[in-house]
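Colleague: Encoded as structure tokens, here's the structure I'll be asking about.
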Number of protein chains: 4
Amino acid sequence: MQEEGIRIGLIGAGRIGALHAGLISTRVPGARIIAVSDVVADAAHAVATEHAIPVVEDDATRVIGRNDVDAVLICSATSVHEEQVVAAAKAGKAVFCEKPLAFDLPSIDRMAEAVEKHNVPLQVGFNRRFDPVFSRVQRGIANGEVGELHTLRIISRDPEPPPIEYVRNSGGLFVDMTIHDFDMVRFLTGAEVEEVYTVADCRVDPAIDEVGDVDTAIIMLRFTNRVMATIENSRRATFGYDQRVEAFGSEGAISTDNVYPNTATVSTGESVRRDLPLHFFLERYTDSYVAELSAFVYAVAQGHPTPVSVFDGRAPLVLGEAAHRSHREKRPVRLEEIDA
Amino acid sequence: MQEEGIRIGLIGAGRIGALHAGLISTRVPGARIIAVSDVVADAAHAVATEHAIPVVEDDATRVIGRNDVDAVLICSATSVHEEQVVAAAKAGKAVFCEKPLAFDLPSIDRMAEAVEKHNVPLQVGFNRRFDPVFSRVQRGIANGEVGELHTLRIISRDPEPPPIEYVRNSGGLFVDMTIHDFDMVRFLTGAEVEEVYTVADCRVDPAIDEVGDVDTAIIMLRFTNRVMATIENSRRATFGYDQRVEAFGSEGAISTDNVYPNTATVSTGESVRRDLPLHFFLERYTDSYVAELSAFVYAVAQGHPTPVSVFDGRAPLVLGEAAHRSHREKRPVRLEEIDA
Amino acid sequence: MQEEGIRIGLIGAGRIGALHAGLISTRVPGARIIAVSDVVADAAHAVATEHAIPVVEDDATRVIGRNDVDAVLICSATSVHEEQVVAAAKAGKAVFCEKPLAFDLPSIDRMAEAVEKHNVPLQVGFNRRFDPVFSRVQRGIANGEVGELHTLRIISRDPEPPPIEYVRNSGGLFVDMTIHDFDMVRFLTGAEVEEVYTVADCRVDPAIDEVGDVDTAIIMLRFTNRVMATIENSRRATFGYDQRVEAFGSEGAISTDNVYPNTATVSTGESVRRDLPLHFFLERYTDSYVAELSAFVYAVAQGHPTPVSVFDGRAPLVLGEAAHRSHREKRPVRLEEIDA
Amino acid sequence: MQEEGIRIGLIGAGRIGALHAGLISTRVPGARIIAVSDVVADAAHAVATEHAIPVVEDDATRVIGRNDVDAVLICSATSVHEEQVVAAAKAGKAVFCEKPLAFDLPSIDRMAEAVEKHNVPLQVGFNRRFDPVFSRVQRGIANGEVGELHTLRIISRDPEPPPIEYVRNSGGLFVDMTIHDFDMVRFLTGAEVEEVYTVADCRVDPAIDEVGDVDTAIIMLRFTNRVMATIENSRRATFGYDQRVEAFGSEGAISTDNVYPNTATVSTGESVRRDLPLHFFLERYTDSYVAELSAFVYAVAQGHPTPVSVFDGRAPLVLGEAAHRSHREKRPVRLEEIDA
């Protein structure tokens with residue numbers, strides 16, 4: 001590691017790439033971005049200007065190929081993750097890759113093979129593991145505050161659906177949105193899923209149905225350690241980002257509330273009310289992005305293992321496929337059907 | 001109706017019968033219990049003494065046969081509900097019958113036939129419909145406060161399992177415990193269920209498994225109006241009676257908390273804490289028992305229809321059977337399979 | 001005590017008398033009202049009819065004089081409390097007397113003398129001591145949950161001012177409204193006040209100013225045991241009855257919230273809100289009225305001391321006078337100035 | 001303004017100076033610290049090293065004298081604020097000065113004169129005005145959400161007392177601790193205080209009494225616009241930093257809760273509990289420090305007035321003296337007695 005910290009190459013300067021660039025430049029000590037690329041050159045230049053990144057490269061290959069890059073942050077389209085991860089591994093770079101790693105399992109398996117062969121660390125961008133609320137629940141379960149875990153419930157609703165073009169190419173609700181929740185159930189339970197059953201519908205916007213997707217779903221999961229869980233998703237909660245979890249066990253329960261911009265309660269002749277919860281992921285999960293990047297930088301600098309592995313990136317995809325098949329075939333689906 | 005109010009004959013002086021007797025004598029104006037019977041004569045005498053009931057009859061037939069009885073309160077064992085309801089109907093008495101009406105559908109159908117033929121009102125003891133918390137949610141949904149209802153979730157956990165002998169004869173978790181929640185989903189949605197899927201296990205007490213029952217379950221329901229719901233049951237919540245509901249729709253959500261004995265919060269160097277919620281149904285649902293009995297007495301006195309019909313008593317039993325079959329066969333079960 | 005319980009004579013059939021009559025007839029076992037009187041004969045008859053009280057007497061003297069009356073409930077105007085309490089004491093009746101006992105201290109002292117001389121129990125109607133919220137705080141302080149008590153705060157606001165005619169004859173805010181809070185600070189601290197300082201104003205309704213009263217006040221109290229307290233009063237809180245307390249000490253704090261009709265939270269695109277808290281004392285303090293009457297009946301039946309003594313009725317009046325003088329003279333007033 | 005933003009000279013590298021240095025280097029865009037001094041040279045060097053500040057000067061005069069310094073951040077001892085503010089004003093530097101500006105009013109008046117004469121902006125470090133909770137209350141009051149404001153209450157308790165040496169030189173509770181609350185009541189009401197009454201005691205630590213100070217106080221304030229307020233202070237709340245406010249008015253109320261590290265609630269057989277609130281000002285008010293510094297930097301960069309004026313720094317000191325005199329003389333003190 002250089003005296004001036006980890007030198008990062010940023011691949012992809014879209015919404016999430018720009019977010020990471022801003023956080024690294026202001027809130028993640030021990031790292032700086034020294035080069036950026038994007039298929040849209042203007043986007044790369046804009047991010048470079050805003051966050052004082054000295055070099056804009058023409059493409060990802062050139063970022064990966066730089067001798068002064070210690071680690072790459074892959075924030076590009078899912079379809080090119082595989083080639084970039086594999087190239088970075090070959091170049092001996094540490095890798096931080098956004099979720100989902102890929103839309104198909106063989107692709108992820110090739111990434112896993114590459115990072116193992118070249119012995120580079122890879123961290124998947126499941127930021128919610130680093131959120132203070134969810135990590136508190138994880139610690140509570142792990143420490144036995146609820147005793148033996150019996151059931152788990154995740155509520156995960158967006159304030160509004162993404163643009164229909166985004167939906168069309170998103171891989172579907174279970175891969176695009178539920179994937180975070182699939183990661184969360186594994187993170188919270190510390191266990192693996194055995195069976196999935198899905199009920200889903202299009203209740204929010206008929207345009208989503210027209211592109212073959214759903215916007216409302218409840219997914220029931222049974223784990224190998226007998227835990228039962230439900231995930232409840234919607235593409236639109238009028239009151240804002242609805243992100244909660246409840247864990248119930250032999251000794252008690254932990255439940256969480258949404259996060260609010262302030263603690264004020266206003267009482268009038270009409271009602272006793274609060275302002276709406278934080279609206280979406282940029283507000284709600286900022287601290288978790290800082291924490292996941294800091295954890296990556298720290299692990300790379302210290303030569304420690306990174307905290308969210310390729311396998312953690314793979315498992316939610318298996319769950320997404322199982323959820324999708326269950327919905328299509330209207331029956332519970334065992335994971336071994338997907339991933340024998 | 002007599003000037004002094006509805007004259008009630010109480011059949012069954014066990015836990016729930018004694019509860020009703022106490023409430024009628026102190027908190028339900030317009031009615032009084034004038035006769036009581038129980039298969040255990042001592043129980044009938046004890047309740048009569050405690051609540052100043054003038055007459056103890058040898059059996060239910062004699063209570064039903066009294067000319068001065070306007071209405072009967074059937075709080076006996078489920079297995080004798082049918083004969084008592086039918087006899088009361090024949091005698092022209094108004095009937096309040098505890099849940100479940102019966103363990104099998106033909107039995108309920110015969111009760112329905114009898115009350116219809118003899119044109120007597122029958123109210124089923126689904127007291128939770130009269131709880132201020134749940135009735136507030138029902139009004140909110142009916143009034144459109146959440147817009148079009150998309151999903152519904154009920155948490156229903158007891159503080160501790162009943163004695164194993166009770167479990168053995170209870171008809172199983174889905175009929176004994178979930179039946180209240182099956183009624184509640186119908187009450188809250190105002191709709192009928194189309195399909196049921198159950199995951200269930202024995203996590204609380206192996207003795208429950210030994211008598212062939214489960215103690216932990218999540219039941220997923222799909223309604224004819226596209227609403228999706230989950231019911232989560234456990235026979236033991238260490239922190240007390242866990243009775244909550246969340247409704248989510250196109251315009252918002254309503255969620256409820258448990259009910260606490262006081263509003264005090266204690267902050268110390270250890271934690272910021274509250275006392276435990278009300279422990280069980282006697283504390284939690286007292287007001288709902290008062291309200292259901294008052295509604296029955298009022299309806300009978302005024303000649304109005306009673307608020308929870310035989311059909312409302314029948315539908316949860318169909319759901320219980322569907323839930324049980326889904327658990328046994330590990331697949332979603334459509335209601336038409338049970339009740340074609 | 002008669003087999004059929006304590007036989008009560010009710011003196012005064014106004015709002016609070018009617019309330020007590022209803023509660024005794026339905027929710028207080030071990031007692032019944034057998035006679036009632038009121039200066040407005042129609043009021044006495046109305047209450048007698050509604051609650052099946054067999055006898056209506058022409059005046060309080062006749063109620064007190066009845067041989068079959070074990071105890072009297074004095075719910076008449078404050079100005080006649082003294083003569084009725086003294087007469088009841090002479091007649092050997094147990095006495096429950098509404099607050100305030102009197103508007104002047106010598107009058108209370110004569111009552112105290114009478115009940116002592118004739119050795120009859122007297123309980124003052126400070127019902128809030130029996131409220132589950134406030135009694136929880138009292139227990140917490142007494143049990144050392146907050147350690148040594150340092151400061152105490154009471155919020156006490158009515159939903160709306162009483163009719164101006166009532167205000168005119170009420171004895172003023174500090175005697176009419178704050179008196180409950182003066183009792184509460186003594187009950188919660190278990191200590192006596194040394195000094196009072198008041199700031200007060202008329203902010204709610206100019207008509208209150210015109211009759212020489214205030215409607216908004218903050219009263220600061222210093223206790224002999226070094227506790228400091230504030231009481232905050234208003235005659236109008238638009239959101240309903242605002243009745244809260246916070247106790248702070250060397251080991252922590254206890255604070256309470258208002259009481260709500262249900263636990264539902266409604267989230268929409270506008271806000272996250274609850275229904276308004278219980279509106280006024282009839283809704284908020286019903287249980288406390290039941291409990292204070294039950295405690296009185298139980299103490300009389302068992303020959304135990306009653307729980308709120310003449311001295312407890314006297315002390316808040318001293319505080320009321322001190323608060324009033326402090327307001328008038330714009331300076332802290334020591335209690336020994338009032339009651340040397 | 002330079003292309004690279006406002007160039008800041010930091011005077012004082014103690015706790016608060018180091019805090020500001022860290023926040024400016026990571027979270028305040030548009031500014032950087034280019035020089036630092038401290039009476040303890042090692043402290044200046046340590047902060048310079050940690051936050052990459054290029055120059056360490058021997059003393060404040062040299063920092064102020066640098067041509068490349070646009071603004072100074074005065075984080076030194078209160079006793080030297082005056083000379084540093086005056087020197088900075090003479091040098092034409094924008095000034096951010098920590099609270100309290102001084103311990104005596106003539107000193108503040110001389111600072112006011114200097115900044116006015118040399119026409120430089122000065123912002124006082126009342127960070128809590130920038131806290132999302134308190135600023136929400138301020139907006140609510142200003143927007144009329146509570147109607148006309150009647151009463152205001154501030155709770156402000158530290159988790160534990162500072163070292164006794166600090167207390168000895170702090171100027172006393174009312175100047176050291178309450179000063180923030182005095183600023184807050186002015187900020188929230190938008191009005192000026194007319195009269196102050198204090199009750200105070202030493203309940204937390206006898207050592208505080210030995211150095212002539214108090215640790216527990218309730219201060220009652222009457223404003224020129226008839227608002228009444230109380231401030232409740234303690235040097236030790238076992239449960240952590242207790243920072244709340246309640247505003248009550250003709251149309252309703254706004255109240256706030258403390259801020260918690262997460263929203264998790266843990267329910268067990270013992271209690272329903274949360275983790276402790278954020279422990280002290282570093283955790284609780286970080287965002288407000290970032291916001292006040294950003295507001296200063298933005299105002300200086302744009303040539304706008306800075307948001308917390310010398311007068312805002314002076315008024316709380318007048319209040320502190322009034323509170324102190326009221327405590328000493330045990331009587332309400334009008335502000336005109338202090339500041340005719």
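Chain labels A, B, ... are given in the sequence in which chains occur in the structure tokens; within each chain residues are numbered consecutively from 1, and ligands are likewise numbered from 1 in the order shown.
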Excluding Phe96 of chain B and any residue of its chain fewer than 3 positions from it, enumerate the residues within 6 Å of it, using only C-alpha atoms, and give them as a PyMOL selection string.

Modeller: chain B and resi 73+122-124

Colleague: Could you please select, counting only C-alpha atoms, the residues of chain B within 6 Å of chain D and state them as a PDB file with C-alpha atoms, in the first residue's frame?

Modeller:
ATOM      1  CA  THR B 238     -41.576 -14.529  25.771  1.00  0.00           C
ATOM      2  CA  PHE B 239     -42.531 -10.856  25.893  1.00  0.00           C
ATOM      3  CA  SER B 267     -34.282   5.298  30.758  1.00  0.00           C
ATOM      4  CA  THR B 268     -31.238   4.142  32.674  1.00  0.00           C
ATOM      5  CA  GLY B 269     -27.581   3.510  32.010  1.00  0.00           C
ATOM      6  CA  SER B 271     -31.452   0.855  28.128  1.00  0.00           C
ATOM      7  CA  VAL B 272     -34.558   2.842  27.305  1.00  0.00           C
ATOM      8  CA  ARG B 273     -37.354   0.447  28.074  1.00  0.00           C
ATOM      9  CA  ARG B 274     -41.041  -0.144  28.566  1.00  0.00           C
ATOM     10  CA  ASP B 275     -42.890  -2.660  30.661  1.00  0.00           C
ATOM     11  CA  LEU B 276     -44.079  -5.742  28.781  1.00  0.00           C
TER      12      LEU B 276
END

Colleague: Which one of A:Ile11, A:Phe174, A:Ile179, A:Leu188 sits closest to Arg139 of chain A if you count only C-alpha atoms?

Modeller: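 Of all the options, A:Leu188 lies closest to Arg139 of chain A.
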
Colleague: Using only C-alpha atoms, determine which residues lie at most 9 Å from segment 37-54 of chain C, disregarding the query and same-chain residues fewer than 3 positions distant; provide the list as a list in words.

Modeller: Gly9, Leu10, Ile11, Gly12, Ala13, Gly14, Gly17, Ala18, Ala21, Gly22, Ser25, Thr26, Arg32, Ile33, Ile34, Glu57, Asp58, Asp59, Ala60, Arg62, Val63 and Ser76 of chain C

Colleague: Keeping only C-alpha atoms, take the residues you just selected and write them out as a PDB file, in the first residue's frame.

Modeller:
ATOM      1  CA  GLY C   9     -75.329   7.510  50.119  1.00  0.00           C
ATOM      2  CA  LEU C  10     -74.569   9.795  47.219  1.00  0.00           C
ATOM      3  CA  ILE C  11     -74.669  13.531  47.865  1.00  0.00           C
ATOM      4  CA  GLY C  12     -74.641  15.515  44.654  1.00  0.00           C
ATOM      5  CA  ALA C  13     -75.848  14.179  41.328  1.00  0.00           C
ATOM      6  CA  GLY C  14     -74.025  16.507  38.961  1.00  0.00           C
ATOM      7  CA  GLY C  17     -71.763  12.370  41.039  1.00  0.00           C
ATOM      8  CA  ALA C  18     -73.422  10.761  38.046  1.00  0.00           C
ATOM      9  CA  ALA C  21     -72.967   6.397  40.389  1.00  0.00           C
ATOM     10  CA  GLY C  22     -72.501   4.722  37.035  1.00  0.00           C
ATOM     11  CA  SER C  25     -73.327   0.293  39.736  1.00  0.00           C
ATOM     12  CA  THR C  26     -71.331  -1.459  37.023  1.00  0.00           C
ATOM     13  CA  ARG C  32     -74.121  -0.117  45.925  1.00  0.00           C
ATOM     14  CA  ILE C  33     -75.735   3.277  46.171  1.00  0.00           C
ATOM     15  CA  ILE C  34     -78.951   3.134  48.189  1.00  0.00           C
ATOM     16  CA  GLU C  57     -83.802  12.070  49.589  1.00  0.00           C
ATOM     17  CA  ASP C  58     -84.710  15.737  49.812  1.00  0.00           C
ATOM     18  CA  ASP C  59     -81.357  16.842  51.100  1.00  0.00           C
ATOM     19  CA  ALA C  60     -77.913  15.743  52.140  1.00  0.00           C
ATOM     20  CA  ARG C  62     -81.363  13.016  55.240  1.00  0.00           C
ATOM     21  CA  VAL C  63     -78.901  10.918  53.271  1.00  0.00           C
ATOM     22  CA  SER C  76     -71.695  18.492  45.967  1.00  0.00           C
TER      23      SER C  76
END

Colleague: Please provide as a list of chain:residue names all residues within 9 Å of segment 291-293 of chain A, with the sequence filter that same-chain residues fewer than 5 positions apart are discarded (counting only C-alpha atoms).

Modeller: A:His20, A:Leu23, A:Ile24, A:Val28, A:Phe96, A:Gly125, A:Phe126, A:Asn127, A:Arg128, A:Arg129, A:Phe130, A:Asp131, A:Thr286, A:Tyr298, A:Pro307

Colleague: Would you mind listing what lies within 8 Å of segment 81-94 of chain B as a ChimeraX atom specification, with only C-alpha atoms counted and same-chain residues fewer than 6 positions away left out?

Modeller: /B:60-61,64-65,69-72,74,101-102,107-108,110-111,114-115,118-122,300

Colleague: Determine which residues of segment 102-189 of chain B receive a DSSP assignment of helix (DSSP H, G or I), computed from the backbone, and state them as an NGL selection string.

Modeller: :B and (105-117 or 127-130 or 132-142 or 164-168 or 173-176 or 178-189)

Colleague: Any idea what's packed within 9 Å of Glu321 of chain C, counting only C-alpha atoms, ignoring anything in its chain fewer than 3 positions away? Could you give it as a PyMOL selection string?

Modeller: chain C and resi 174-175+316-318+324-326+338

Colleague: Identify, on the basis of only C-alpha atoms, every residue whose closest approach to Asp209 of chain A does not exceed 12 Å; exclude the query and any residue fewer than 3 positions from it along the same chain; express the result as a PyMOL selection string.

Modeller: chain A and resi 164+167-168+172-173+200-206+212-216

Colleague: For atom CA of Arg236 of chain D and atom CA of Glu160 of chain D, determine how far apart the two atoms are, in Å to one decimal place.

Modeller: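 About the pair atom CA of Arg236 of chain D and atom CA of Glu160 of chain D: they are 4.2 Å apart.
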
Colleague: Run DSSP on the backbone and tell me which residues of segment 23-213 of chain A come out as strand (DSSP E or B); list them as an MDAnalysis selection string.

Modeller: chainID A and resid 31:37 55:56 71:74 94:97 122:124 149:157 193:201

Colleague: Take the selection from the previous step and output its residues with N, CA and C atoms, as a JSON list (two decimals), in the first residue's frame.

Modeller:
[["chain", "number", "residue", "atom", "x", "y", "z"],
["A", 31, "ALA", "N", -8.11, 6.28, 0.93],
["A", 31, "ALA", "CA", -8.28, 5.88, -0.47],
["A", 31, "ALA", "C", -8.57, 7.12, -1.30],
["A", 32, "ARG", "N", -8.16, 7.05, -2.59],
["A", 32, "ARG", "CA", -8.58, 8.10, -3.51],
["A", 32, "ARG", "C", -8.69, 7.49, -4.89],
["A", 33, "ILE", "N", -9.54, 8.06, -5.68],
["A", 33, "ILE", "CA", -9.76, 7.57, -7.04],
["A", 33, "ILE", "C", -8.79, 8.31, -7.95],
["A", 34, "ILE", "N", -8.02, 7.52, -8.70],
["A", 34, "ILE", "CA", -7.02, 8.17, -9.54],
["A", 34, "ILE", "C", -7.33, 8.05, -11.03],
["A", 35, "ALA", "N", -8.33, 7.23, -11.37],
["A", 35, "ALA", "CA", -8.70, 7.13, -12.79],
["A", 35, "ALA", "C", -10.14, 6.66, -12.88],
["A", 36, "VAL", "N", -10.80, 7.08, -13.95],
["A", 36, "VAL", "CA", -12.20, 6.72, -14.14],
["A", 36, "VAL", "C", -12.47, 6.47, -15.62],
["A", 37, "SER", "N", -13.38, 5.54, -15.90],
["A", 37, "SER", "CA", -13.84, 5.35, -17.28],
["A", 37, "SER", "C", -15.34, 5.12, -17.28],
["A", 55, "VAL", "N", -7.33, 11.38, -13.83],
["A", 55, "VAL", "CA", -7.25, 10.74, -15.15],
["A", 55, "VAL", "C", -8.60, 10.19, -15.59],
["A", 56, "VAL", "N", -8.96, 10.45, -16.85],
["A", 56, "VAL", "CA", -10.11, 9.79, -17.46],
["A", 56, "VAL", "C", -9.59, 8.86, -18.54],
["A", 71, "ALA", "N", -6.83, -0.98, -6.79],
["A", 71, "ALA", "CA", -8.13, -1.64, -6.69],
["A", 71, "ALA", "C", -9.09, -1.02, -7.68],
["A", 72, "VAL", "N", -10.03, -1.84, -8.19],
["A", 72, "VAL", "CA", -11.05, -1.28, -9.08],
["A", 72, "VAL", "C", -12.42, -1.36, -8.44],
["A", 73, "LEU", "N", -13.21, -0.32, -8.74],
["A", 73, "LEU", "CA", -14.60, -0.24, -8.28],
["A", 73, "LEU", "C", -15.46, -0.41, -9.51],
["A", 74, "ILE", "N", -16.11, -1.57, -9.63],
["A", 74, "ILE", "CA", -16.86, -1.86, -10.85],
["A", 74, "ILE", "C", -18.33, -1.47, -10.67],
["A", 94, "ALA", "N", -7.40, -5.65, -6.53],
["A", 94, "ALA", "CA", -8.53, -5.89, -5.63],
["A", 94, "ALA", "C", -9.80, -5.38, -6.32],
["A", 95, "VAL", "N", -10.92, -6.07, -6.08],
["A", 95, "VAL", "CA", -12.15, -5.75, -6.80],
["A", 95, "VAL", "C", -13.30, -5.46, -5.83],
["A", 96, "PHE", "N", -13.97, -4.34, -6.08],
["A", 96, "PHE", "CA", -15.26, -4.08, -5.47],
["A", 96, "PHE", "C", -16.25, -4.05, -6.61],
["A", 97, "CYS", "N", -17.26, -4.94, -6.59],
["A", 97, "CYS", "CA", -18.19, -5.02, -7.72],
["A", 97, "CYS", "C", -19.62, -4.83, -7.23],
["A", 122, "LEU", "N", -12.35, -9.89, -3.55],
["A", 122, "LEU", "CA", -13.51, -9.32, -4.24],
["A", 122, "LEU", "C", -14.60, -9.08, -3.21],
["A", 123, "GLN", "N", -15.14, -7.87, -3.24],
["A", 123, "GLN", "CA", -16.26, -7.54, -2.35],
["A", 123, "GLN", "C", -17.45, -7.14, -3.19],
["A", 124, "VAL", "N", -18.62, -7.71, -2.86],
["A", 124, "VAL", "CA", -19.85, -7.38, -3.58],
["A", 124, "VAL", "C", -20.56, -6.23, -2.85],
["A", 149, "LEU", "N", -33.41, -18.46, 16.59],
["A", 149, "LEU", "CA", -34.27, -17.72, 15.65],
["A", 149, "LEU", "C", -35.34, -18.64, 15.06],
["A", 150, "HIS", "N", -36.59, -18.20, 15.12],
["A", 150, "HIS", "CA", -37.70, -18.98, 14.53],
["A", 150, "HIS", "C", -38.18, -18.38, 13.21],
["A", 151, "THR", "N", -38.49, -17.10, 13.24],
["A", 151, "THR", "CA", -39.00, -16.48, 12.01],
["A", 151, "THR", "C", -38.35, -15.12, 11.79],
["A", 152, "LEU", "N", -38.37, -14.71, 10.55],
["A", 152, "LEU", "CA", -37.75, -13.45, 10.16],
["A", 152, "LEU", "C", -38.66, -12.82, 9.12],
["A", 153, "ARG", "N", -38.78, -11.50, 9.17],
["A", 153, "ARG", "CA", -39.60, -10.83, 8.17],
["A", 153, "ARG", "C", -38.89, -9.58, 7.70],
["A", 154, "ILE", "N", -38.84, -9.41, 6.41],
["A", 154, "ILE", "CA", -38.26, -8.20, 5.83],
["A", 154, "ILE", "C", -39.33, -7.48, 5.02],
["A", 155, "ILE", "N", -39.44, -6.20, 5.30],
["A", 155, "ILE", "CA", -40.28, -5.31, 4.50],
["A", 155, "ILE", "C", -39.34, -4.48, 3.67],
["A", 156, "SER", "N", -39.56, -4.44, 2.38],
["A", 156, "SER", "CA", -38.65, -3.68, 1.52],
["A", 156, "SER", "C", -39.47, -3.10, 0.37],
["A", 157, "ARG", "N", -39.75, -1.82, 0.52],
["A", 157, "ARG", "CA", -40.58, -1.17, -0.49],
["A", 157, "ARG", "C", -39.91, 0.13, -0.93],
["A", 193, "VAL", "N", -30.92, -20.90, 2.46],
["A", 193, "VAL", "CA", -32.32, -21.19, 2.15],
["A", 193, "VAL", "C", -32.44, -22.57, 1.52],
["A", 194, "GLU", "N", -33.54, -23.25, 1.81],
["A", 194, "GLU", "CA", -33.79, -24.58, 1.28],
["A", 194, "GLU", "C", -34.91, -24.52, 0.24],
["A", 195, "GLU", "N", -35.92, -23.68, 0.51],
["A", 195, "GLU", "CA", -37.11, -23.67, -0.34],
["A", 195, "GLU", "C", -37.71, -22.28, -0.40],
["A", 196, "VAL", "N", -38.29, -21.97, -1.55],
["A", 196, "VAL", "CA", -38.85, -20.63, -1.80],
["A", 196, "VAL", "C", -40.26, -20.79, -2.34],
["A", 197, "TYR", "N", -41.16, -19.93, -1.84],
["A", 197, "TYR", "CA", -42.50, -19.86, -2.44],
["A", 197, "TYR", "C", -42.87, -18.40, -2.62],
["A", 198, "THR", "N", -43.36, -18.07, -3.79],
["A", 198, "THR", "CA", -43.63, -16.68, -4.14],
["A", 198, "THR", "C", -45.08, -16.47, -4.52],
["A", 199, "VAL", "N", -45.68, -15.41, -3.99],
["A", 199, "VAL", "CA", -46.89, -14.88, -4.63],
["A", 199, "VAL", "C", -46.56, -13.46, -5.05],
["A", 200, "ALA", "N", -46.96, -13.13, -6.27],
["A", 200, "ALA", "CA", -46.58, -11.83, -6.81],
["A", 200, "ALA", "C", -47.65, -11.37, -7.78],
["A", 201, "ASP", "N", -47.67, -10.07, -7.99],
["A", 201, "ASP", "CA", -48.72, -9.50, -8.82],
["A", 201, "ASP", "C", -48.25, -8.14, -9.32]]

Colleague: Atom CA of Thr78 of chain D and atom CA of Ser170 of chain D are how many Å apart?

Modeller: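 That distance, rounded to one decimal, is 9.2 Å.
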
Colleague: One decimal, Å: what's the distance from atom CA of Val245 of chain C over to atom CA of Glu192 of chain C, could you say?

Modeller: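 If I compute the distance from atom CA of Val245 of chain C to atom CA of Glu192 of chain C, I get 17.9 Å.
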